[in-house]
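protein-v2.txt (compact mmCIF, C-alpha atoms and all ligand atoms) appears below.
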# COMPACT_ATOMS: atom_id res chain seq x y z
CA MET G 30 0.00 0.00 0.00
CA ARG G 31 1.17 3.55 -0.70
CA VAL G 32 0.70 5.75 2.37
CA LEU G 33 1.29 9.47 2.77
CA VAL G 34 2.77 10.05 6.22
CA LEU G 35 2.35 13.52 7.74
CA ASN G 36 3.98 14.96 10.84
CA CYS G 37 2.59 18.44 11.52
CA GLY G 38 4.39 20.70 13.97
CA SER G 39 3.51 24.26 14.94
CA SER G 40 5.28 25.77 11.93
CA SER G 41 6.22 22.74 9.85
CA VAL G 42 4.79 19.78 7.98
CA LYS G 43 7.06 16.79 7.33
CA PHE G 44 5.84 14.38 4.68
CA ALA G 45 6.83 11.08 3.07
CA VAL G 46 5.15 8.66 0.71
CA PHE G 47 5.84 5.08 1.80
CA ASN G 48 5.44 1.87 -0.08
CA THR G 49 4.66 -0.53 2.76
CA ALA G 50 5.49 -3.57 0.61
CA THR G 51 9.12 -2.46 0.27
CA GLY G 52 9.29 -0.44 3.50
CA THR G 53 10.80 2.52 1.68
CA ALA G 54 9.82 6.13 1.11
CA THR G 55 9.72 7.08 -2.56
CA VAL G 56 9.61 10.79 -1.78
CA SER G 57 10.03 12.78 1.42
CA GLY G 58 10.35 16.38 2.47
CA MET G 59 9.01 19.21 4.54
CA VAL G 60 7.49 22.65 4.56
CA GLU G 61 9.03 24.75 7.28
CA GLU G 62 8.44 28.21 8.70
CA ILE G 63 4.73 28.07 7.85
CA GLY G 64 3.13 31.47 8.37
CA ASN G 65 6.45 33.21 7.87
CA ALA G 66 9.10 32.87 5.15
CA ALA G 67 7.97 29.34 4.28
CA LYS G 68 10.37 26.96 2.57
CA PHE G 69 9.62 23.74 0.73
CA LYS G 70 12.23 20.98 0.70
CA ALA G 71 11.91 17.55 -0.86
CA LYS G 72 14.00 14.58 -1.87
CA TYR G 73 12.86 12.44 -4.76
CA ALA G 74 14.83 9.91 -6.80
CA GLU G 75 18.20 11.31 -5.66
CA THR G 76 17.06 14.83 -6.62
CA LYS G 77 16.74 17.51 -3.96
CA THR G 78 14.31 20.40 -4.38
CA GLN G 79 14.30 23.54 -2.28
CA LYS G 80 12.23 26.69 -2.84
CA SER G 81 10.54 29.55 -1.02
CA ILE G 82 6.76 29.29 -1.03
CA ASP G 83 3.75 31.18 0.14
CA ALA G 84 2.27 29.09 2.97
CA PRO G 85 0.39 31.21 5.51
CA ASN G 86 -1.06 28.09 7.15
CA HIS G 87 -0.97 24.28 7.21
CA GLN G 88 -3.57 23.97 4.49
CA HIS G 89 -1.48 25.99 2.04
CA ALA G 90 1.51 23.88 2.98
CA LEU G 91 -0.46 20.74 2.16
CA VAL G 92 -1.57 22.17 -1.20
CA GLU G 93 2.12 22.71 -2.02
CA ILE G 94 2.90 19.13 -1.02
CA GLN G 95 -0.06 17.84 -3.05
CA ASN G 96 0.99 19.86 -6.12
CA PHE G 97 4.55 18.63 -5.83
CA LEU G 98 3.42 15.00 -5.58
CA LYS G 99 1.25 15.57 -8.69
CA GLU G 100 4.14 17.17 -10.58
CA ILE G 101 6.40 14.17 -10.03
CA GLY G 102 3.59 11.63 -10.52
CA GLU G 103 3.80 10.43 -6.90
CA ASP G 104 0.18 11.31 -6.07
CA GLN G 105 -1.03 8.17 -7.83
CA ASP G 106 -2.41 5.25 -5.84
CA ILE G 107 -2.00 6.79 -2.40
CA SER G 108 -4.52 4.76 -0.41
CA ALA G 109 -4.39 6.44 3.00
CA ILE G 110 -2.80 9.13 5.14
CA GLY G 111 -1.06 8.37 8.44
CA HIS G 112 -0.66 11.21 10.94
CA ARG G 113 1.76 11.40 13.81
CA VAL G 114 -0.19 12.63 16.83
CA VAL G 115 1.83 13.37 19.95
CA HIS G 116 -0.61 12.87 22.81
CA GLY G 117 -3.36 10.28 23.03
CA CYS G 118 -3.87 10.53 26.84
CA GLU G 119 -5.33 7.33 28.31
CA GLU G 120 -7.81 7.31 25.45
CA PHE G 121 -5.64 5.69 22.77
CA ALA G 122 -3.53 2.57 23.26
CA ASN G 123 -3.50 1.86 19.50
CA SER G 124 -3.55 3.63 16.17
CA VAL G 125 -7.07 4.50 15.00
CA LEU G 126 -9.05 5.65 11.99
CA ILE G 127 -9.70 9.37 12.34
CA THR G 128 -13.39 10.06 12.88
CA PRO G 129 -15.16 13.09 14.39
CA ALA G 130 -15.20 11.26 17.76
CA VAL G 131 -11.44 10.65 17.55
CA LEU G 132 -10.82 14.30 16.70
CA LYS G 133 -12.85 15.36 19.73
CA ALA G 134 -10.87 13.01 21.98
CA VAL G 135 -7.53 14.26 20.58
CA GLU G 136 -8.68 17.81 21.21
CA GLU G 137 -9.47 16.88 24.79
CA CYS G 138 -5.88 15.61 25.16
CA SER G 139 -4.54 19.00 24.00
CA ALA G 140 -4.35 20.37 27.55
CA LEU G 141 -1.59 17.79 28.18
CA ALA G 142 0.33 18.67 24.99
CA PRO G 143 -0.53 22.29 24.23
CA LEU G 144 2.44 22.75 21.90
CA HIS G 145 1.93 19.55 19.92
CA ASN G 146 -1.66 18.38 19.67
CA PRO G 147 -3.13 21.64 18.27
CA PRO G 148 -0.76 21.68 15.24
CA ASN G 149 -1.34 17.93 14.78
CA LEU G 150 -5.08 18.67 14.67
CA GLN G 151 -4.55 21.56 12.26
CA GLY G 152 -2.66 19.23 9.96
CA ILE G 153 -5.38 16.59 10.15
CA ALA G 154 -8.08 19.19 9.38
CA ALA G 155 -6.09 20.43 6.38
CA ALA G 156 -5.46 16.89 5.13
CA ARG G 157 -9.15 15.99 5.44
CA LYS G 158 -10.00 19.05 3.36
CA ASN G 159 -7.33 18.47 0.72
CA PHE G 160 -7.64 14.68 0.49
CA PRO G 161 -11.36 14.19 1.25
CA THR G 162 -11.60 10.68 -0.17
CA LEU G 163 -8.64 9.12 1.66
CA PRO G 164 -8.98 7.32 5.00
CA GLN G 165 -6.79 8.98 7.64
CA VAL G 166 -5.21 7.29 10.62
CA ALA G 167 -3.78 8.73 13.85
CA VAL G 168 -0.64 7.11 15.29
CA PHE G 169 0.11 8.34 18.82
CA ASP G 170 3.53 8.85 20.45
CA THR G 171 2.03 7.88 23.78
CA ALA G 172 0.06 4.77 22.70
CA PHE G 173 2.82 2.19 23.15
CA HIS G 174 3.27 3.22 26.78
CA GLN G 175 -0.35 2.59 27.77
CA THR G 176 0.74 -0.87 28.99
CA ILE G 177 2.88 0.68 31.77
CA PRO G 178 1.43 -0.57 35.08
CA LYS G 179 -0.12 1.82 37.55
CA HIS G 180 2.66 1.54 40.13
CA ALA G 181 5.06 2.79 37.43
CA PHE G 182 2.94 5.49 35.80
CA LEU G 183 1.78 7.18 39.03
CA TYR G 184 3.80 9.94 40.66
CA ALA G 185 3.85 10.03 44.46
CA LEU G 186 1.53 13.02 44.49
CA PRO G 187 -1.98 13.30 45.94
CA TYR G 188 -4.06 10.68 44.11
CA GLN G 189 -6.73 13.22 43.10
CA LEU G 190 -4.18 14.91 40.84
CA TYR G 191 -4.29 11.69 38.80
CA THR G 192 -8.06 11.18 38.88
CA ASP G 193 -9.02 14.83 38.41
CA GLN G 194 -6.12 16.39 36.50
CA LYS G 195 -4.80 13.26 34.74
CA VAL G 196 -1.31 13.84 36.18
CA ARG G 197 0.65 10.64 35.48
CA LYS G 198 3.51 9.37 33.34
CA TYR G 199 2.46 9.02 29.69
CA GLY G 200 5.80 8.61 27.93
CA PHE G 201 6.68 9.59 24.35
CA HIS G 202 8.69 8.31 21.35
CA GLY G 203 6.33 5.30 21.51
CA SER G 204 6.40 4.65 17.76
CA SER G 205 10.19 4.59 17.77
CA HIS G 206 10.43 2.29 20.79
CA ARG G 207 7.83 -0.06 19.30
CA PHE G 208 9.56 -0.11 15.90
CA VAL G 209 12.98 -0.75 17.44
CA ALA G 210 11.66 -3.47 19.78
CA ARG G 211 10.22 -5.29 16.78
CA GLU G 212 13.38 -4.89 14.67
CA THR G 213 15.54 -6.07 17.59
CA ALA G 214 13.47 -9.25 17.90
CA LYS G 215 14.01 -9.88 14.17
CA ILE G 216 17.76 -9.32 14.53
CA LEU G 217 17.96 -11.68 17.52
CA GLY G 218 15.80 -14.24 15.72
CA LYS G 219 13.37 -14.35 18.66
CA ASP G 220 9.72 -13.60 19.25
CA SER G 221 9.38 -10.19 20.90
CA LYS G 222 7.16 -11.89 23.53
CA GLU G 223 10.29 -13.74 24.79
CA LEU G 224 12.48 -10.65 25.12
CA CYS G 225 13.15 -8.02 27.75
CA LEU G 226 14.87 -4.95 26.32
CA ILE G 227 15.96 -1.50 27.35
CA ILE G 228 15.76 0.81 24.35
CA ALA G 229 17.52 4.18 24.45
CA HIS G 230 16.21 6.58 21.81
CA LEU G 231 18.76 9.40 21.74
CA GLY G 232 17.98 12.21 19.30
CA ASN G 233 17.29 15.88 19.99
CA GLY G 234 14.78 14.49 22.47
CA CYS G 235 15.93 11.46 24.45
CA SER G 236 14.01 8.71 26.21
CA ALA G 237 14.60 5.13 27.25
CA THR G 238 11.98 2.42 27.61
CA ALA G 239 11.87 -0.94 29.38
CA VAL G 240 10.15 -3.30 26.94
CA LYS G 241 8.94 -6.40 28.76
CA PHE G 242 7.91 -9.28 26.51
CA GLY G 243 6.92 -6.87 23.70
CA GLU G 244 5.14 -4.28 25.86
CA SER G 245 6.29 -1.01 27.38
CA ALA G 246 6.75 -1.57 31.13
CA ASP G 247 8.22 1.83 31.99
CA THR G 248 9.78 4.77 30.24
CA THR G 249 11.84 7.79 31.24
CA MET G 250 9.69 10.62 29.84
CA GLY G 251 6.68 11.51 31.94
CA LEU G 252 3.63 13.73 31.91
CA THR G 253 5.63 15.80 29.42
CA PRO G 254 8.73 15.06 27.33
CA LEU G 255 10.85 16.92 29.89
CA GLU G 256 11.45 14.09 32.36
CA GLY G 257 14.30 11.58 32.31
CA ILE G 258 17.49 11.75 30.27
CA ALA G 259 19.19 15.12 29.63
CA MET G 260 18.61 16.20 26.02
CA GLY G 261 19.71 18.76 23.43
CA THR G 262 18.06 21.73 25.16
CA ARG G 263 15.95 20.01 27.85
CA SER G 264 17.21 19.37 31.36
CA GLY G 265 15.66 15.94 31.84
CA SER G 266 14.95 15.07 35.49
CA ILE G 267 16.02 17.62 38.08
CA ASP G 268 15.17 18.27 41.70
CA PRO G 269 11.84 20.17 41.52
CA GLY G 270 13.11 22.15 44.50
CA ILE G 271 15.39 23.99 42.03
CA LEU G 272 12.29 25.69 40.62
CA PHE G 273 11.24 27.06 44.02
CA TYR G 274 14.80 28.15 44.71
CA LEU G 275 15.14 30.03 41.40
CA ASN G 276 11.75 31.59 41.92
CA LYS G 277 12.87 32.90 45.28
CA THR G 278 16.42 33.93 44.42
CA LEU G 279 16.12 35.10 40.81
CA ASN G 280 12.39 35.82 40.69
CA TYR G 281 11.97 33.35 37.81
CA ASP G 282 8.26 32.97 36.99
CA PHE G 283 6.63 29.98 35.23
CA ASP G 284 7.37 31.22 31.72
CA ARG G 285 11.01 31.83 32.56
CA LEU G 286 11.34 28.41 34.21
CA ASN G 287 9.61 26.73 31.30
CA LYS G 288 12.09 28.33 28.87
CA LEU G 289 15.00 27.46 31.14
CA LEU G 290 14.15 23.75 31.36
CA ASN G 291 12.93 23.23 27.79
CA LYS G 292 15.10 25.51 25.70
CA GLU G 293 18.23 26.51 27.60
CA SER G 294 19.32 23.38 29.43
CA GLY G 295 20.67 19.94 28.46
CA LEU G 296 23.72 19.87 26.19
CA LEU G 297 23.21 23.52 25.26
CA GLY G 298 22.99 24.75 28.83
CA LEU G 299 25.94 22.74 30.09
CA SER G 300 28.25 23.36 27.13
CA GLY G 301 27.16 26.94 26.46
CA ILE G 302 27.88 26.12 22.81
CA SER G 303 25.40 23.86 21.13
CA SER G 304 22.48 21.49 21.59
CA ASP G 305 23.88 19.28 18.86
CA MET G 306 25.78 16.28 20.18
CA ARG G 307 28.02 16.03 17.14
CA THR G 308 29.20 19.63 17.59
CA VAL G 309 29.66 19.21 21.35
CA LEU G 310 31.68 16.00 20.85
CA GLU G 311 33.90 17.73 18.31
CA ILE G 312 34.57 20.74 20.52
CA ALA G 313 35.24 18.43 23.47
CA GLY G 314 37.87 16.73 21.32
CA TYR G 315 35.95 13.45 21.61
CA ALA G 316 35.29 13.20 17.86
CA PRO G 317 37.32 14.10 14.78
CA PRO G 318 36.45 17.63 13.62
CA SER G 319 34.05 17.88 10.69
CA SER G 320 34.32 20.49 7.95
CA VAL G 321 32.24 22.98 9.96
CA GLN G 322 34.52 22.71 12.97
CA THR G 323 36.52 25.85 13.65
CA GLU G 324 40.05 25.65 14.92
CA ASP G 325 39.32 28.45 17.37
CA CYS G 326 36.98 26.20 19.29
CA ASN G 327 39.65 23.60 19.75
CA ALA G 328 42.09 26.25 20.85
CA ASP G 329 39.75 27.52 23.59
CA SER G 330 40.33 25.21 26.50
CA GLU G 331 37.49 26.65 28.58
CA LEU G 332 35.01 25.88 25.82
CA GLN G 333 36.53 22.44 25.49
CA GLU G 334 36.17 21.77 29.22
CA ARG G 335 32.53 22.87 29.13
CA ALA G 336 31.87 20.62 26.12
CA LYS G 337 33.59 17.70 27.89
CA ILE G 338 31.54 18.08 31.04
CA ALA G 339 28.34 18.40 28.97
CA VAL G 340 29.06 15.04 27.33
CA GLU G 341 30.04 13.48 30.64
CA VAL G 342 26.91 14.64 32.45
CA PHE G 343 24.79 13.49 29.50
CA CYS G 344 26.34 10.01 29.50
CA TYR G 345 26.24 9.55 33.27
CA ARG G 346 22.62 10.68 33.52
CA LEU G 347 21.78 8.44 30.56
CA ALA G 348 23.36 5.48 32.37
CA LYS G 349 21.41 6.28 35.55
CA GLU G 350 18.12 6.44 33.64
CA ILE G 351 18.92 3.15 31.88
CA SER G 352 19.71 1.53 35.26
CA SER G 353 16.44 2.75 36.73
CA LEU G 354 14.52 0.85 34.06
CA ALA G 355 15.98 -2.45 35.29
CA ALA G 356 13.40 -2.22 38.11
CA ALA G 357 10.67 -2.81 35.51
CA LEU G 358 12.17 -5.98 34.05
CA PRO G 359 12.65 -9.59 35.26
CA LYS G 360 15.75 -9.92 33.01
CA ILE G 361 17.62 -7.89 30.39
CA ASP G 362 18.33 -9.54 27.05
CA ALA G 363 19.65 -6.43 25.35
CA LEU G 364 20.30 -2.72 25.63
CA VAL G 365 19.46 -1.15 22.28
CA PHE G 366 20.60 2.28 21.10
CA THR G 367 18.73 4.24 18.45
CA GLY G 368 18.13 7.84 17.24
CA GLY G 369 20.72 10.26 15.81
CA ILE G 370 23.06 10.06 18.83
CA GLY G 371 22.31 6.43 19.71
CA GLU G 372 22.93 5.18 16.19
CA ASN G 373 25.95 7.32 15.36
CA SER G 374 28.01 7.96 18.45
CA LYS G 375 30.04 4.99 19.62
CA PHE G 376 31.72 7.38 22.04
CA VAL G 377 28.45 8.20 23.82
CA ARG G 378 27.41 4.54 23.87
CA GLU G 379 30.73 3.43 25.33
CA LYS G 380 30.85 6.25 27.86
CA ALA G 381 27.33 5.41 29.07
CA LEU G 382 28.25 1.72 29.19
CA SER G 383 31.31 2.52 31.28
CA HIS G 384 28.87 3.42 34.10
CA LEU G 385 26.80 0.28 33.63
CA GLY G 386 29.39 -2.36 34.49
CA ILE G 387 27.14 -3.87 37.15
CA PHE G 388 24.86 -5.29 34.44
CA GLY G 389 27.65 -7.25 32.73
CA PHE G 390 26.72 -6.20 29.19
CA THR G 391 28.78 -7.80 26.41
CA LYS G 392 30.86 -5.58 24.13
CA GLU G 393 28.79 -3.92 21.41
CA GLY G 394 27.81 -6.40 18.71
CA GLU G 395 29.21 -9.37 20.67
CA PHE G 396 27.18 -12.31 21.87
CA GLN G 397 27.94 -14.35 24.99
CA ASN G 398 25.47 -16.87 26.30
CA GLY G 399 23.59 -15.61 29.35
CA LYS G 400 24.90 -12.05 29.15
CA PRO G 401 22.82 -9.02 28.10
CA GLN G 402 23.84 -7.72 24.69
CA VAL G 403 24.36 -4.21 23.35
CA LEU G 404 22.88 -3.45 19.94
CA VAL G 405 22.47 -0.46 17.64
CA VAL G 406 19.20 -0.58 15.70
CA PRO G 407 18.13 2.31 13.43
CA THR G 408 14.67 3.67 14.08
CA ASN G 409 12.07 4.56 11.46
CA GLU G 410 8.99 6.12 13.03
CA GLU G 411 7.52 7.18 9.68
CA LEU G 412 7.61 3.62 8.37
CA LEU G 413 5.85 2.41 11.52
CA ILE G 414 3.17 5.09 10.96
CA ALA G 415 2.74 3.88 7.36
CA GLN G 416 2.52 0.24 8.48
CA ASP G 417 0.01 1.01 11.23
CA THR G 418 -2.05 3.04 8.76
CA GLU G 419 -2.15 0.11 6.37
CA LYS G 420 -3.22 -2.24 9.17
CA VAL G 421 -6.02 0.05 10.34
CA VAL G 422 -7.28 0.63 6.80
CA ASN G 423 -7.16 -3.08 5.92
CA ASN G 424 -9.27 -3.86 8.99
CA LEU G 425 -12.06 -1.46 8.02
P1 LIG V 501 15.41 14.18 16.08
O1 LIG V 501 15.21 13.84 17.52
O2 LIG V 501 15.15 15.61 15.77
O3 LIG V 501 14.78 13.19 15.12
P2 LIG V 501 17.92 12.87 15.43
O4 LIG V 501 17.41 11.52 15.84
O5 LIG V 501 18.27 13.08 14.00
O6 LIG V 501 16.97 14.06 15.86
O7 LIG V 501 19.20 13.17 16.34
C1 LIG V 501 19.84 14.39 16.31
C2 LIG V 501 21.06 14.30 17.23
O8 LIG V 501 21.91 13.25 16.74
C3 LIG V 501 21.88 15.58 17.25
O9 LIG V 501 22.31 15.85 18.57
C4 LIG V 501 23.07 15.21 16.39
O10 LIG V 501 24.23 15.93 16.70
C5 LIG V 501 23.25 13.75 16.76
N1 LIG V 501 24.09 13.06 15.78
C6 LIG V 501 23.89 12.81 14.47
N2 LIG V 501 24.96 12.21 13.92
C7 LIG V 501 25.88 12.09 14.90
C8 LIG V 501 27.20 11.58 14.98
N3 LIG V 501 27.80 11.06 13.90
N4 LIG V 501 27.83 11.60 16.17
C9 LIG V 501 27.24 12.14 17.26
N5 LIG V 501 26.01 12.64 17.26
C10 LIG V 501 25.34 12.63 16.10
Now, as a test, write the supplied structure out as structure tokens.
Ligand code: ADP
Amino acid sequence: MRVLVLNCGSSSVKFAVFNTATGTATVSGMVEEIGNAAKFKAKYAETKTQKSIDAPNHQHALVEIQNFLKEIGEDQDISAIGHRVVHGCEEFANSVLITPAVLKAVEECSALAPLHNPPNLQGIAAARKNFPTLPQVAVFDTAFHQTIPKHAFLYALPYQLYTDQKVRKYGFHGSSHRFVARETAKILGKDSKELCLIIAHLGNGCSATAVKFGESADTTMGLTPLEGIAMGTRSGSIDPGILFYLNKTLNYDFDRLNKLLNKESGLLGLSGISSDMRTVLEIAGYAPPSSVQTEDCNADSELQERAKIAVEVFCYRLAKEISSLAAALPKIDALVFTGGIGENSKFVREKALSHLGIFGFTKEGEFQNGKPQVLVVPTNEELLIAQDTEKVVNNL
């Protein structure tokens, strides 16, 4: 089946047309800076296109995408559209056909994901208008984690905050963790129902999940994607007392604290240089410099020290979060790294593993009977969205 996969952010729409039989995207791209100086970028048959466009809103962006697909003859035989939707609350444990009732439920989840669900809904509305005959499916980032048991998803807060305000751990990156769990089972030649895995998805956002016999048993992100591992610009878990302290001493209000924890912390905050792991590793001297690397950075030892400590804090906190997930599992068959950092940085993997000696992991890629393995498995959330869309549509 040919499926158009859409991922609508507040000012961007990412798209790809997947052939689920081959598992490959024939064309992919994005419209960014919607409502501003919008740009259209696409990759098709080894050719890259980039142009400025007029896209005051998501619907215009979709018209551009539709026209481009027509131009290159890729609009033919698209049977369905799969949408990434960030938050499905406790309502959605699986991918679903989008109906008016589903839209209403997604809207009700928006309070928990005010930055993500509204643009997802805008994208769905635009797609329903522009592709009125195609079935559309919602695939939720939170759905995979709906199997997490209550003792793991509850915070030790007054219980009414769960019942009345829905304060609990939801977890994110679910499509990635599910995809990687399935691929890992294939690689190990086992049924996923036999395996216990810890999957570390390390991209700009980072989360790790304990996957127990094919189901999410716990994950590091929480009510919001701020909890857990330190990330590009997010702090990950901190002592909440820091917020009260900064409010008292620096008069930081909620908006300031929100910006601090979401946009100014993590690798960026610690290094003072960049949220991008590759750049931070290069400046730390932990990776060979790329073409964009400036010699000045290497020469500045203070910058280098800051970059080093940023990487070290990241890796140690990552190891601690991975360790914490062991509590959710009866055994560990493998620790699996994925995402831009997880797939590409052996240095980060090895540094994190250096703090995890107690688990007795084998060396990366090695197998020793009875010992937990370390694997690197590339993720592909868009393909999972396309596959789920096909499944939902075939079951109609
Ligand atoms: P997103 O979460 O936006 O999908 P990615 O999964 O592409 O992002 O991950 C982006 C992160 O991966 C960035 O921090 C980037 O520096 C890092 N990354 C990509 N390639 C490498 C590499 N070769 N070495 C270290 N980090 C890398």
Legend entry - Contacts of ligand LIG 501 (chain V), 7 Å or closer, all atoms listed in the file, given as a ChimeraX atom specification: /G:231-234,261,304-308,310,368-370,373-374
Closest contacts (region 86-131 of chain G/region 70-79 of chain G, max 12 Å, only C-alpha atoms) as JSON lines:
{"residue": "G:Ala90", "atom": "CA", "partner": "G:Lys70", "partner_atom": "CA", "distance": 11.3}
{"residue": "G:Glu93", "atom": "CA", "partner": "G:Lys70", "partner_atom": "CA", "distance": 10.6}
{"residue": "G:Ile94", "atom": "CA", "partner": "G:Ala71", "partner_atom": "CA", "distance": 9.1}
{"residue": "G:Phe97", "atom": "CA", "partner": "G:Ala71", "partner_atom": "CA", "distance": 8.9}
{"residue": "G:Leu98", "atom": "CA", "partner": "G:Tyr73", "partner_atom": "CA", "distance": 9.8}
{"residue": "G:Glu100", "atom": "CA", "partner": "G:Tyr73", "partner_atom": "CA", "distance": 11.5}
{"residue": "G:Ile101", "atom": "CA", "partner": "G:Tyr73", "partner_atom": "CA", "distance": 8.5}
{"residue": "G:Gly102", "atom": "CA", "partner": "G:Tyr73", "partner_atom": "CA", "distance": 10.9}
{"residue": "G:Glu103", "atom": "CA", "partner": "G:Tyr73", "partner_atom": "CA", "distance": 9.5}
Legend entry - Polymer residues at most 8 Å from Val309 (chain G), only C-alpha atoms, same-chain spacing of 3 or more positions, as a list in words: Leu296, Ser300, Ile302, Ser303, Ser304, Asp305, Met306, Ile312, Ala313, Ala336, Lys337, Ala339 and Val340 of chain G
Inset, instruction - For Thr128 (chain G), work out the shell of residues within 12 Å, counting only C-alpha atoms and skipping chain neighbours fewer than 4 positions away, then give it as a PyMOL selection string. - result: chain G and resi 132-135+153-154+157+164-167
Inset, instruction - Would you kindly return, as JSON, numbers by chain, each protein, DNA or RNA residue with an atom no farther than 9 Å from any atom of Ser221 (chain G), considering all atoms listed in the file and excluding same-chain residues fewer than 3 positions away? - result: {"G": [210, 211, 213, 214, 215, 224, 225, 241, 242, 243, 244]}
Legend entry - Residue with smallest distance to Tyr184 (chain G) - pool G:Lys420, G:Leu272, G:Gly251, G:Phe169, counting all atoms listed in the file: G:Gly251
Within 8 Å of Ala246 (chain G), counting only C-alpha atoms, which residues qualify if same-chain residues fewer than 2 places away don't, as a compact mmCIF listing (two decimals) with C-alpha atoms, keeping the file's coordinate frame?
# COMPACT_ATOMS: atom_id res chain seq x y z
CA HIS G 174 3.27 3.22 26.78
CA THR G 176 0.74 -0.87 28.99
CA ILE G 177 2.88 0.68 31.77
CA PRO G 178 1.43 -0.57 35.08
CA ALA G 181 5.06 2.79 37.43
CA THR G 238 11.98 2.42 27.61
CA ALA G 239 11.87 -0.94 29.38
CA VAL G 240 10.15 -3.30 26.94
CA LYS G 241 8.94 -6.40 28.76
CA GLU G 244 5.14 -4.28 25.86
CA THR G 248 9.78 4.77 30.24
CA ALA G 357 10.67 -2.81 35.51
CA LEU G 358 12.17 -5.98 34.05
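The space between CA of Ile82 (chain G) and CA of Asn96 (chain G) spans 12.2 Å.
Among G:Leu35, G:Leu275, G:Phe121, G:Gly298, the residue with the shortest atom-to-atom distance to Gln151 (chain G), counting all atoms listed in the file, is G:Leu35.
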Inset, instruction - Check the smallest atom-to-atom distance from each of G:Asn86, G:Ser81, G:Thr162, G:Asn36 to Val115 (chain G) using all atoms listed in the file, then report the winner. - result: G:Asn36
Legend entry - Long-range neighbours of Gly117 (chain G) as a ChimeraX atom specification, 9 Å cut-off, all atoms listed in the file, 2 positions minimum in chain: /G:114-115,119-122,134-135,138-139,146,168-172,199
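The nearest approach to Gly257 (chain G) among the residues G:Glu379, G:Glu350, G:Asp106, G:Glu372, with all atoms listed in the file taken into account, belongs to G:Glu350.
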Legend entry - Point (22.0, 2.5, 30.9), cut-off 10 Å, counting all atoms listed in the file, residues as a list in words: Ile227, Ile228, Ala229, Ala237, Cys344, Tyr345, Arg346, Leu347, Ala348, Lys349, Glu350, Ile351, Ser352, Ser353, Leu354, Ala355, Leu364, Val365, Phe366, Arg378, Ala381, Leu382, Ser383, His384, Leu385, Gly386 and Phe388 of chain G
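Here CA of Gln88 (chain G) and CA of Gly203 (chain G) stand 27.1 Å from one another.
A straight line drawn from CA of Leu217 (chain G) to CA of Gly394 (chain G) is 11.2 Å long.
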